[in-house]
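Containing compact mmCIF, C-alpha atoms: protein-v5.txt.
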# COMPACT_ATOMS: atom_id res chain seq x y z
CA MET A 290 -17.21 212.18 35.39
CA ILE A 291 -15.76 211.08 38.77
CA ILE A 292 -13.07 208.41 39.06
CA SER A 293 -12.64 206.65 42.40
CA LEU A 294 -9.19 205.27 42.97
CA PRO A 295 -8.33 202.64 45.58
CA LEU A 296 -6.83 204.06 48.74
CA TYR A 297 -3.57 202.18 48.22
CA PHE A 298 -2.93 204.37 45.16
CA PHE A 299 -2.39 207.25 47.53
CA LYS A 300 -0.46 205.35 50.19
CA PRO A 301 2.76 207.23 51.00
CA LEU A 302 5.78 205.74 49.33
CA PRO A 303 8.60 204.43 51.49
CA LEU A 304 11.35 206.91 51.97
CA PHE A 305 14.15 206.51 49.48
CA PHE A 306 16.61 207.46 52.16
CA SER A 307 16.06 205.95 55.55
CA THR A 308 17.09 207.73 58.72
CA GLN A 309 19.26 204.74 59.44
CA THR A 310 22.68 204.86 57.84
CA LYS A 311 23.15 202.28 55.09
CA PRO A 312 26.32 201.22 53.45
CA LYS A 313 27.12 203.20 50.34
CA ASP A 314 27.23 200.13 48.13
CA THR A 315 23.60 199.15 49.00
CA LEU A 316 21.98 202.64 48.76
CA VAL A 317 21.68 202.89 44.93
CA PRO A 318 20.22 199.40 44.41
CA THR A 319 17.64 200.12 47.14
CA VAL A 320 16.45 203.35 45.45
CA ILE A 321 16.22 201.68 42.01
CA ASN A 322 14.26 198.76 43.43
CA GLN A 323 11.77 201.08 45.12
CA ILE A 324 11.21 203.07 41.90
CA MET A 325 10.72 199.90 39.81
CA TYR A 326 8.31 198.51 42.39
CA HIS A 327 6.00 201.54 42.35
CA LEU A 328 6.33 202.35 38.62
CA PRO A 329 3.23 200.36 37.52
CA THR A 330 1.09 202.27 40.04
CA PHE A 331 2.36 205.64 38.78
CA CYS A 332 1.69 204.61 35.17
CA LEU A 333 -1.85 203.49 35.94
CA VAL A 334 -2.73 206.73 37.76
CA PHE A 335 -1.23 208.80 34.93
CA PHE A 336 -3.19 206.82 32.33
CA LEU A 337 -6.49 207.26 34.19
CA LEU A 338 -5.96 211.01 34.61
CA PHE A 339 -5.00 211.41 30.94
CA SER A 340 -8.12 209.50 29.86
CA LEU A 341 -10.29 211.72 32.06
CA PHE A 342 -8.99 215.01 30.65
CA HIS A 343 -9.05 213.68 27.07
CA HIS A 344 -12.70 212.71 27.51
CA LEU A 345 -13.63 216.11 28.93
CA SER A 346 -11.83 217.88 26.08
CA CYS A 347 -13.70 215.90 23.42
CA ALA A 348 -17.02 216.36 25.19
CA SER A 349 -16.48 220.12 25.32
CA THR A 350 -15.67 220.22 21.59
CA LYS A 351 -18.76 218.18 20.75
CA LYS A 352 -20.89 220.53 22.81
CA GLU A 353 -19.50 223.55 20.95
CA LEU A 354 -20.22 221.88 17.61
CA GLY A 355 -23.76 221.14 18.80
CA TRP A 356 -24.38 224.87 19.27
CA CYS A 357 -24.30 225.27 15.46
CA GLU A 358 -27.45 223.17 15.25
CA ALA A 359 -29.31 225.94 17.10
CA ILE A 360 -31.47 228.48 15.23
CA PHE A 361 -31.23 232.26 15.54
CA GLU A 362 -34.61 233.60 16.65
CA CYS A 363 -35.62 237.23 17.08
CA GLY A 364 -39.18 238.50 16.69
CA ASN A 365 -40.45 237.00 13.42
CA ILE A 366 -36.93 236.33 12.09
CA THR A 367 -35.36 232.86 12.18
CA ALA A 368 -32.06 231.84 10.58
CA GLY A 369 -29.55 228.99 10.53
CA PHE A 370 -26.44 228.44 8.40
CA PRO A 371 -24.64 230.56 7.11
CA PHE A 372 -25.68 233.07 9.83
CA SER A 373 -24.46 233.44 13.39
CA GLY A 374 -25.84 235.39 16.34
CA GLY A 375 -28.01 234.75 19.36
CA SER A 376 -27.56 231.11 20.41
CA ARG A 377 -25.39 230.49 17.32
CA PRO A 378 -21.71 231.31 18.11
CA GLN A 379 -19.60 233.27 15.62
CA PHE A 380 -17.85 230.17 14.26
CA CYS A 381 -21.25 228.85 13.10
CA GLY A 382 -21.62 231.54 10.42
CA HIS A 383 -19.74 233.77 8.00
CA PRO A 384 -18.07 236.77 9.72
CA SER A 385 -20.15 239.17 7.57
CA LEU A 386 -23.43 237.45 8.47
CA GLU A 387 -23.64 237.93 12.24
CA LEU A 388 -27.19 238.83 13.32
CA HIS A 389 -28.08 240.88 16.40
CA CYS A 390 -31.34 241.01 18.33
CA TYR A 391 -32.58 243.99 20.34
CA ASN A 392 -36.18 244.49 21.47
CA ASN A 393 -37.27 241.66 19.13
CA LYS A 394 -35.78 243.48 16.13
CA THR A 395 -32.99 241.94 14.06
CA SER A 396 -30.04 243.90 12.71
CA ILE A 397 -26.75 243.26 10.94
CA ILE A 398 -23.57 245.34 10.61
CA ILE A 399 -22.19 245.62 7.07
CA THR A 400 -18.98 247.61 6.45
CA ASN A 401 -19.45 249.42 9.78
CA HIS A 402 -23.05 250.46 9.01
CA LEU A 403 -26.13 249.18 10.81
CA TYR A 404 -28.98 247.66 8.81
CA ASP A 405 -32.38 246.51 10.02
CA VAL A 406 -33.15 242.97 8.87
CA LEU A 407 -36.81 242.95 7.84
CA HIS A 408 -37.00 239.45 6.39
CA ILE A 409 -34.86 236.37 5.72
CA ASP A 410 -35.80 233.74 3.16
CA GLN A 411 -33.37 230.87 3.61
CA THR A 412 -34.79 228.97 0.64
CA SER A 413 -33.93 231.74 -1.84
CA LYS A 414 -30.98 232.94 0.30
CA THR A 415 -32.44 236.46 0.32
CA LEU A 416 -32.40 239.20 2.96
CA ARG A 417 -34.50 242.34 3.04
CA LEU A 418 -32.50 245.18 4.56
CA ALA A 419 -33.15 248.79 5.49
CA LYS A 420 -30.32 251.15 6.34
CA ALA A 421 -30.86 252.18 9.96
CA GLU A 422 -29.43 255.70 9.57
CA LEU A 423 -32.04 256.42 6.89
CA GLY A 424 -34.90 255.23 9.07
CA GLY A 425 -36.01 258.69 10.21
CA HIS A 426 -36.61 261.97 8.41
CA PHE A 427 -34.60 262.02 5.21
CA CYS A 428 -33.28 265.59 5.45
CA THR A 429 -31.80 265.00 8.92
CA ALA A 430 -30.36 261.55 8.14
CA THR A 431 -26.67 260.74 7.83
CA PHE A 432 -25.69 260.88 4.17
CA THR A 433 -23.05 258.20 3.52
CA THR A 434 -22.48 255.63 0.83
CA THR A 435 -22.26 252.03 1.95
CA THR A 436 -20.80 249.41 -0.34
CA LEU A 437 -22.13 245.91 0.11
CA PRO A 438 -19.24 243.38 -0.06
CA PRO A 439 -19.69 241.89 -3.56
CA GLU A 440 -18.19 238.56 -2.52
CA ILE A 441 -21.06 238.09 -0.02
CA PHE A 442 -24.03 240.16 -1.23
CA GLU A 443 -25.67 240.68 -4.60
CA LEU A 444 -28.47 243.19 -5.13
CA SER A 445 -31.66 241.34 -6.02
CA PRO A 446 -33.43 242.03 -9.36
CA THR A 447 -36.37 243.32 -7.31
CA SER A 448 -34.23 246.23 -6.03
CA GLN A 449 -32.24 249.09 -7.55
CA SER A 450 -29.51 251.59 -6.70
CA LEU A 451 -30.12 255.35 -7.04
CA THR A 452 -27.81 258.32 -6.56
CA VAL A 453 -28.70 261.14 -4.18
CA TYR A 454 -27.02 264.49 -4.98
CA TYR A 455 -26.93 267.21 -2.31
CA LEU A 456 -25.32 270.58 -1.57
CA CYS A 457 -26.24 271.49 -5.12
CA ASP A 458 -26.04 274.86 -6.85
CA ARG A 459 -29.37 276.66 -6.38
CA ASN A 460 -29.05 278.35 -9.77
CA TYR A 461 -29.66 275.06 -11.60
CA ARG A 462 -32.83 273.05 -12.04
CA TYR A 463 -32.75 269.41 -11.06
CA SER A 464 -35.00 266.49 -11.81
CA SER A 465 -36.77 265.01 -8.82
CA SER A 466 -35.42 267.59 -6.39
CA TYR A 467 -36.26 268.76 -2.88
CA THR A 468 -34.64 271.49 -0.80
CA CYS A 469 -33.44 270.28 2.60
CA PRO A 470 -32.51 272.83 5.29
CA ASP A 471 -28.72 273.15 5.64
CA ARG A 472 -28.22 270.87 2.63
CA GLY A 473 -29.70 272.87 -0.19
CA PRO A 474 -31.31 271.22 -3.19
CA VAL A 475 -31.33 267.42 -3.09
CA SER A 476 -31.91 265.35 -6.21
CA VAL A 477 -32.51 261.63 -6.63
CA SER A 478 -31.61 260.07 -9.96
CA LYS A 479 -30.87 256.73 -11.58
CA ASN A 480 -29.17 257.89 -14.77
CA LEU A 481 -28.57 261.66 -14.59
CA ASP A 482 -25.19 263.01 -13.50
CA TYR A 483 -25.15 266.19 -11.38
CA HIS A 484 -21.60 265.90 -10.03
CA LYS A 485 -20.54 269.15 -11.69
CA SER A 486 -23.20 271.26 -9.97
CA CYS A 487 -23.50 269.35 -6.65
CA GLN A 488 -20.79 269.12 -4.02
CA ASP A 489 -21.51 265.61 -2.82
CA SER A 490 -23.54 262.47 -3.43
CA PHE A 491 -24.23 258.99 -2.06
CA THR A 492 -26.02 255.82 -3.14
CA ILE A 493 -29.27 254.39 -1.79
CA ASN A 494 -30.91 251.02 -2.44
CA VAL A 495 -34.69 250.93 -2.81
CA PRO A 496 -37.36 248.64 -4.29
CA LYS A 497 -37.47 248.64 -8.07
CA SER A 498 -41.08 249.76 -7.89
CA TYR A 499 -39.93 253.16 -6.67
CA VAL A 500 -39.69 255.73 -9.49
CA PRO A 501 -38.42 259.25 -8.66
CA GLU A 502 -40.73 262.05 -9.79
CA GLU A 503 -39.71 264.03 -12.86
CA LYS A 504 -39.96 267.40 -11.14
CA GLU A 505 -40.43 267.92 -7.43
CA LEU A 506 -39.33 265.06 -5.21
CA ASN A 507 -42.07 263.61 -3.00
CA LEU A 508 -40.06 263.21 0.20
CA LYS A 509 -42.66 261.07 1.95
CA TYR A 510 -42.71 258.67 -0.99
CA LEU A 511 -38.92 258.38 -0.86
CA GLU A 512 -38.91 257.80 2.90
CA ASN A 513 -41.50 255.03 2.54
CA ALA A 514 -39.33 253.35 -0.10
CA LEU A 515 -36.28 253.51 2.19
CA HIS A 516 -38.26 252.09 5.12
CA GLU A 517 -39.62 249.28 2.93
CA GLY A 518 -36.06 248.09 2.37
CA PHE A 519 -34.27 246.33 -0.44
CA ASP A 520 -33.45 242.70 -1.19
CA VAL A 521 -29.99 241.16 -1.45
CA LYS A 522 -28.95 237.60 -2.22
CA VAL A 523 -26.35 235.90 -0.04
CA LYS A 524 -23.58 234.41 -2.17
CA ILE A 525 -22.65 231.45 0.04
CA ASN A 526 -22.41 228.00 -1.51
CA GLU A 527 -24.70 225.91 0.68
CA GLN A 528 -24.20 222.74 -1.34
CA THR A 529 -21.03 221.97 0.59
CA CYS A 530 -22.97 222.38 3.85
CA GLU A 531 -25.66 220.00 2.59
CA GLU A 532 -22.95 217.44 1.77
CA CYS A 533 -21.54 217.92 5.26
CA VAL A 534 -24.92 217.41 6.96
CA SER A 535 -25.69 214.34 4.84
CA SER A 536 -22.46 212.77 6.15
CA HIS A 537 -23.52 213.54 9.75
CA GLY A 538 -21.28 216.59 10.08
CA ILE A 539 -21.93 220.11 11.34
CA CYS A 540 -21.34 223.19 9.18
CA GLY A 541 -19.34 226.17 10.35
CA PHE A 542 -16.69 228.70 9.35
CA LYS A 543 -13.02 229.21 10.04
CA ASN A 544 -12.65 232.90 9.25
CA THR A 545 -14.27 233.07 5.79
CA THR A 546 -13.66 229.42 4.85
CA GLN A 547 -16.48 226.90 5.14
CA ILE A 548 -15.66 223.89 7.28
CA CYS A 549 -17.36 220.63 8.16
CA CYS A 550 -16.81 219.21 11.63
CA LYS A 551 -17.23 215.48 12.17
CA ASN A 552 -16.77 212.99 14.97
CA ASP A 553 -15.01 209.81 13.87
CA SER A 554 -15.28 206.36 15.38
CA SER A 555 -12.61 207.17 17.97
CA SER A 556 -14.75 210.10 19.25
CA ARG A 557 -12.13 212.65 18.24
CA CYS A 558 -13.32 215.83 16.54
CA ASN A 559 -11.83 216.50 13.13
CA THR A 560 -12.22 219.60 10.99
CA LEU A 561 -12.55 219.01 7.27
CA HIS A 562 -12.22 221.80 4.70
CA LEU A 563 -14.85 221.49 2.02
CA HIS A 564 -14.21 221.92 -1.69
CA HIS A 565 -16.28 224.53 -3.52

Have the structure of the file written as structure tokens, please.
Amino acid sequence: MIISLPLYFFKPLPLFFSTQTKPKDTLVPTVINQIMYHLPTFCLVFFLLFSLFHHLSCASTKKELGWCEAIFECGNITAGFPFSGGSRPQFCGHPSLELHCYNNKTSIIITNHLYDVLHIDQTSKTLRLAKAELGGHFCTATFTTTTLPPEIFELSPTSQSLTVYYLCDRNYRYSSSYTCPDRGPVSVSKNLDYHKSCQDSFTINVPKSYVPEEKELNLKYLENALHEGFDVKVKINEQTCEECVSSHGICGFKNTTQICCKNDSSSRCNTLHLHH
């Protein structure tokens, strides 16, 4: 937006103090008269400049809010609210739901661990995830337990959690076991407790259709189950976002709090906290 001002706006002001000597008793009234004469011009210029910068500020804010109407796209994955990532800035989604795209593959970082995002169903608010560090050969993978934040994620009924025991005593027999080089016997179990005979353990999430063998663990079967991924439900109340959109607002987040941004009749951008 360009504002053209008349040239007389920029006409040099008369000098307050002339080079000619004036009587002392006439100097002050002369200065005051000159200031009062040019005051309306100063006020008009100031008002026009203030209006210009105010307009630009509001336009910039509206543009930022408009970014939240964009859709995250990566390969065959698309996502909107409550996710961020790609063309959706961080304030458009929950901090724990930022998606990343690399080589047309979508990923998400949860409690400092990388997960591959295999599918997103926004209708049922469900994600299918696969832990990236378990994507290769099981015996050479990084064995760590990752806890999904319960305030954001809930394991779907179609998935289950199993315990993997490793560095186990070779003198014992274990259900569904396999011996990994450098890690000794490894056992996968849902209900059995081998903590007394095994030095360490961690939790994995797999489809509920996966059932560990009673005796020897079929490692290829386990790896396929890990690569297939598991489903989690996103526990974000989208009703407040729907109410926001229906009132011509745009949904976003301030830290972990849902917000609704609207433009009122005066074109100023207001942020409204929504009630759960």

Handout entry: Gly382 of chain A surroundings by all atoms listed in the file, 7 Å radius, close-in-sequence under 6 positions cut, as a ChimeraX atom specification
Key = /A:370-373,541-542

Problem - Minimum-distance residue to Tyr461 of chain A, chosen among A:Leu416, A:Leu508, A:Val475, A:Cys550 (using only C-alpha atoms) - result: A:Val475

Exercise for the section: Compile the contact shell of Leu444 of chain A as a list of chain:residue names: residues with an atom at most 8 Å away, counting only C-alpha atoms, same-chain residues fewer than 2 positions apart removed. Expected result: A:Phe442, A:Pro446, A:Ser448, A:Gln449, A:Asp520, A:Val521, A:Lys522

Completion exercise
For Thr433 of chain A, the closest of A:Ser490, A:Thr447, A:Asn393, A:Ser413 counting all atoms listed in the file is A:Ser490

Practice task
Mind giving me the straight-line distance from atom CA of Tyr391 of chain A to atom CA of Gly364 of chain A in Å, one decimal?
Solution key: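 That distance, rounded to one decimal, is 9.3 Å.
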
Problem - Between atom CA of Ser466 of chain A and atom CA of Lys504 of chain A - distance in Å to one decimal - result: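 Going from atom CA of Lys504 of chain A over to atom CA of Ser466 of chain A covers 6.6 Å.
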
Handout entry: Nearest to Ile398 of chain A by atom-to-atom distance, counting all atoms listed in the file, from A:Cys381, A:Leu481, A:Ile548, A:Leu437
Key =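 Counting all atoms listed in the file, the residue closest to Ile398 of chain A is A:Leu437.
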
Practice task
Tell me, in Å to one decimal, how far atom CA of Cys357 of chain A is from atom CA of His402 of chain A.
Solution key: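 Going from atom CA of Cys357 of chain A over to atom CA of His402 of chain A, I get 26.0 Å.
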
Exercise for the section: Extract, using all atoms listed in the file, all DNA, RNA and protein residues at most 12 Å from Asp405 of chain A, discarding same-chain residues fewer than 4 positions from it, and format them as a ChimeraX atom specification. Expected result: /A:366,388-391,393-399,409,416-424,515-520

Problem - Residue among A:Val406, A:Cys428, A:Ile441, A:Cys549 lying closest to Ile525 of chain A, counting only C-alpha atoms - result: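 Answer, going by the shortest atom-to-atom distance: A:Ile441.
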
Output segment 442-453 of chain A as an mmCIF file, keeping the file's coordinate frame, making sure all heavy atoms are there.
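Ended up saving to selection_21.cif:
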data_model
loop_
_atom_site.group_PDB
_atom_site.id
_atom_site.type_symbol
_atom_site.label_atom_id
_atom_site.label_comp_id
_atom_site.auth_asym_id
_atom_site.auth_seq_id
_atom_site.Cartn_x
_atom_site.Cartn_y
_atom_site.Cartn_z
ATOM 1 N N PHE A 442 -22.681 239.686 -0.909
ATOM 2 C CA PHE A 442 -24.030 240.160 -1.230
ATOM 3 C C PHE A 442 -24.161 240.536 -2.704
ATOM 4 O O PHE A 442 -23.235 241.075 -3.309
ATOM 5 C CB PHE A 442 -24.383 241.379 -0.377
ATOM 6 C CG PHE A 442 -24.368 241.118 1.108
ATOM 7 C CD1 PHE A 442 -23.333 241.598 1.903
ATOM 8 C CD2 PHE A 442 -25.383 240.400 1.710
ATOM 9 C CE1 PHE A 442 -23.311 241.365 3.265
ATOM 10 C CE2 PHE A 442 -25.368 240.156 3.079
ATOM 11 C CZ PHE A 442 -24.336 240.641 3.853
ATOM 12 N N GLU A 443 -25.337 240.281 -3.234
ATOM 13 C CA GLU A 443 -25.670 240.680 -4.600
ATOM 14 C C GLU A 443 -27.068 241.299 -4.581
ATOM 15 O O GLU A 443 -28.013 240.694 -4.057
ATOM 16 C CB GLU A 443 -25.649 239.470 -5.533
ATOM 17 C CG GLU A 443 -26.024 239.790 -6.964
ATOM 18 C CD GLU A 443 -26.052 238.553 -7.837
ATOM 19 O OE1 GLU A 443 -25.743 237.448 -7.327
ATOM 20 O OE2 GLU A 443 -26.388 238.687 -9.023
ATOM 21 N N LEU A 444 -27.186 242.514 -5.111
ATOM 22 C CA LEU A 444 -28.470 243.190 -5.130
ATOM 23 C C LEU A 444 -29.470 242.379 -5.938
ATOM 24 O O LEU A 444 -29.189 241.969 -7.069
ATOM 25 C CB LEU A 444 -28.322 244.596 -5.707
ATOM 26 C CG LEU A 444 -29.492 245.573 -5.470
ATOM 27 C CD1 LEU A 444 -29.656 245.851 -3.989
ATOM 28 C CD2 LEU A 444 -29.254 246.873 -6.229
ATOM 29 N N SER A 445 -30.640 242.149 -5.359
ATOM 30 C CA SER A 445 -31.660 241.340 -6.020
ATOM 31 C C SER A 445 -32.263 242.092 -7.205
ATOM 32 O O SER A 445 -32.304 243.327 -7.217
ATOM 33 C CB SER A 445 -32.765 240.990 -5.015
ATOM 34 O OG SER A 445 -33.874 240.405 -5.663
ATOM 35 N N PRO A 446 -32.762 241.373 -8.223
ATOM 36 C CA PRO A 446 -33.430 242.030 -9.360
ATOM 37 C C PRO A 446 -34.664 242.824 -8.963
ATOM 38 O O PRO A 446 -35.118 243.669 -9.730
ATOM 39 C CB PRO A 446 -33.813 240.841 -10.262
ATOM 40 C CG PRO A 446 -32.868 239.747 -9.891
ATOM 41 C CD PRO A 446 -32.606 239.915 -8.434
ATOM 42 N N THR A 447 -35.192 242.581 -7.770
ATOM 43 C CA THR A 447 -36.370 243.320 -7.310
ATOM 44 C C THR A 447 -35.998 244.674 -6.696
ATOM 45 O O THR A 447 -36.877 245.429 -6.292
ATOM 46 C CB THR A 447 -37.145 242.507 -6.264
ATOM 47 O OG1 THR A 447 -36.286 242.240 -5.149
ATOM 48 C CG2 THR A 447 -37.618 241.194 -6.863
ATOM 49 N N SER A 448 -34.685 244.979 -6.626
ATOM 50 C CA SER A 448 -34.230 246.230 -6.030
ATOM 51 C C SER A 448 -33.329 246.985 -7.002
ATOM 52 O O SER A 448 -32.883 246.433 -8.008
ATOM 53 C CB SER A 448 -33.477 245.953 -4.720
ATOM 54 O OG SER A 448 -34.301 245.269 -3.797
ATOM 55 N N GLN A 449 -33.057 248.245 -6.681
ATOM 56 C CA GLN A 449 -32.240 249.090 -7.550
ATOM 57 C C GLN A 449 -31.418 250.067 -6.722
ATOM 58 O O GLN A 449 -31.744 250.360 -5.572
ATOM 59 C CB GLN A 449 -33.125 249.872 -8.519
ATOM 60 C CG GLN A 449 -34.084 250.821 -7.808
ATOM 61 C CD GLN A 449 -34.966 251.611 -8.758
ATOM 62 O OE1 GLN A 449 -34.595 251.856 -9.906
ATOM 63 N NE2 GLN A 449 -36.145 252.031 -8.291
ATOM 64 N N SER A 450 -30.347 250.568 -7.331
ATOM 65 C CA SER A 450 -29.510 251.590 -6.700
ATOM 66 C C SER A 450 -29.771 252.931 -7.368
ATOM 67 O O SER A 450 -29.827 253.023 -8.594
ATOM 68 C CB SER A 450 -28.025 251.216 -6.828
ATOM 69 O OG SER A 450 -27.733 250.048 -6.105
ATOM 70 N N LEU A 451 -29.920 253.981 -6.550
ATOM 71 C CA LEU A 451 -30.120 255.350 -7.040
ATOM 72 C C LEU A 451 -29.062 256.245 -6.416
ATOM 73 O O LEU A 451 -28.526 255.947 -5.343
ATOM 74 C CB LEU A 451 -31.518 255.856 -6.685
ATOM 75 C CG LEU A 451 -32.717 255.059 -7.217
ATOM 76 C CD1 LEU A 451 -34.019 255.651 -6.693
ATOM 77 C CD2 LEU A 451 -32.713 255.022 -8.738
ATOM 78 N N THR A 452 -28.786 257.359 -7.075
ATOM 79 C CA THR A 452 -27.810 258.320 -6.560
ATOM 80 C C THR A 452 -28.538 259.539 -6.008
ATOM 81 O O THR A 452 -29.443 260.084 -6.651
ATOM 82 C CB THR A 452 -26.842 258.772 -7.677
ATOM 83 O OG1 THR A 452 -26.185 257.624 -8.207
ATOM 84 C CG2 THR A 452 -25.795 259.727 -7.123
ATOM 85 N N VAL A 453 -28.153 259.937 -4.805
ATOM 86 C CA VAL A 453 -28.700 261.140 -4.180
ATOM 87 C C VAL A 453 -27.627 262.226 -4.238
ATOM 88 O O VAL A 453 -26.531 262.052 -3.697
ATOM 89 C CB VAL A 453 -29.112 260.880 -2.709
ATOM 90 C CG1 VAL A 453 -29.615 262.169 -2.070
ATOM 91 C CG2 VAL A 453 -30.169 259.785 -2.631
#
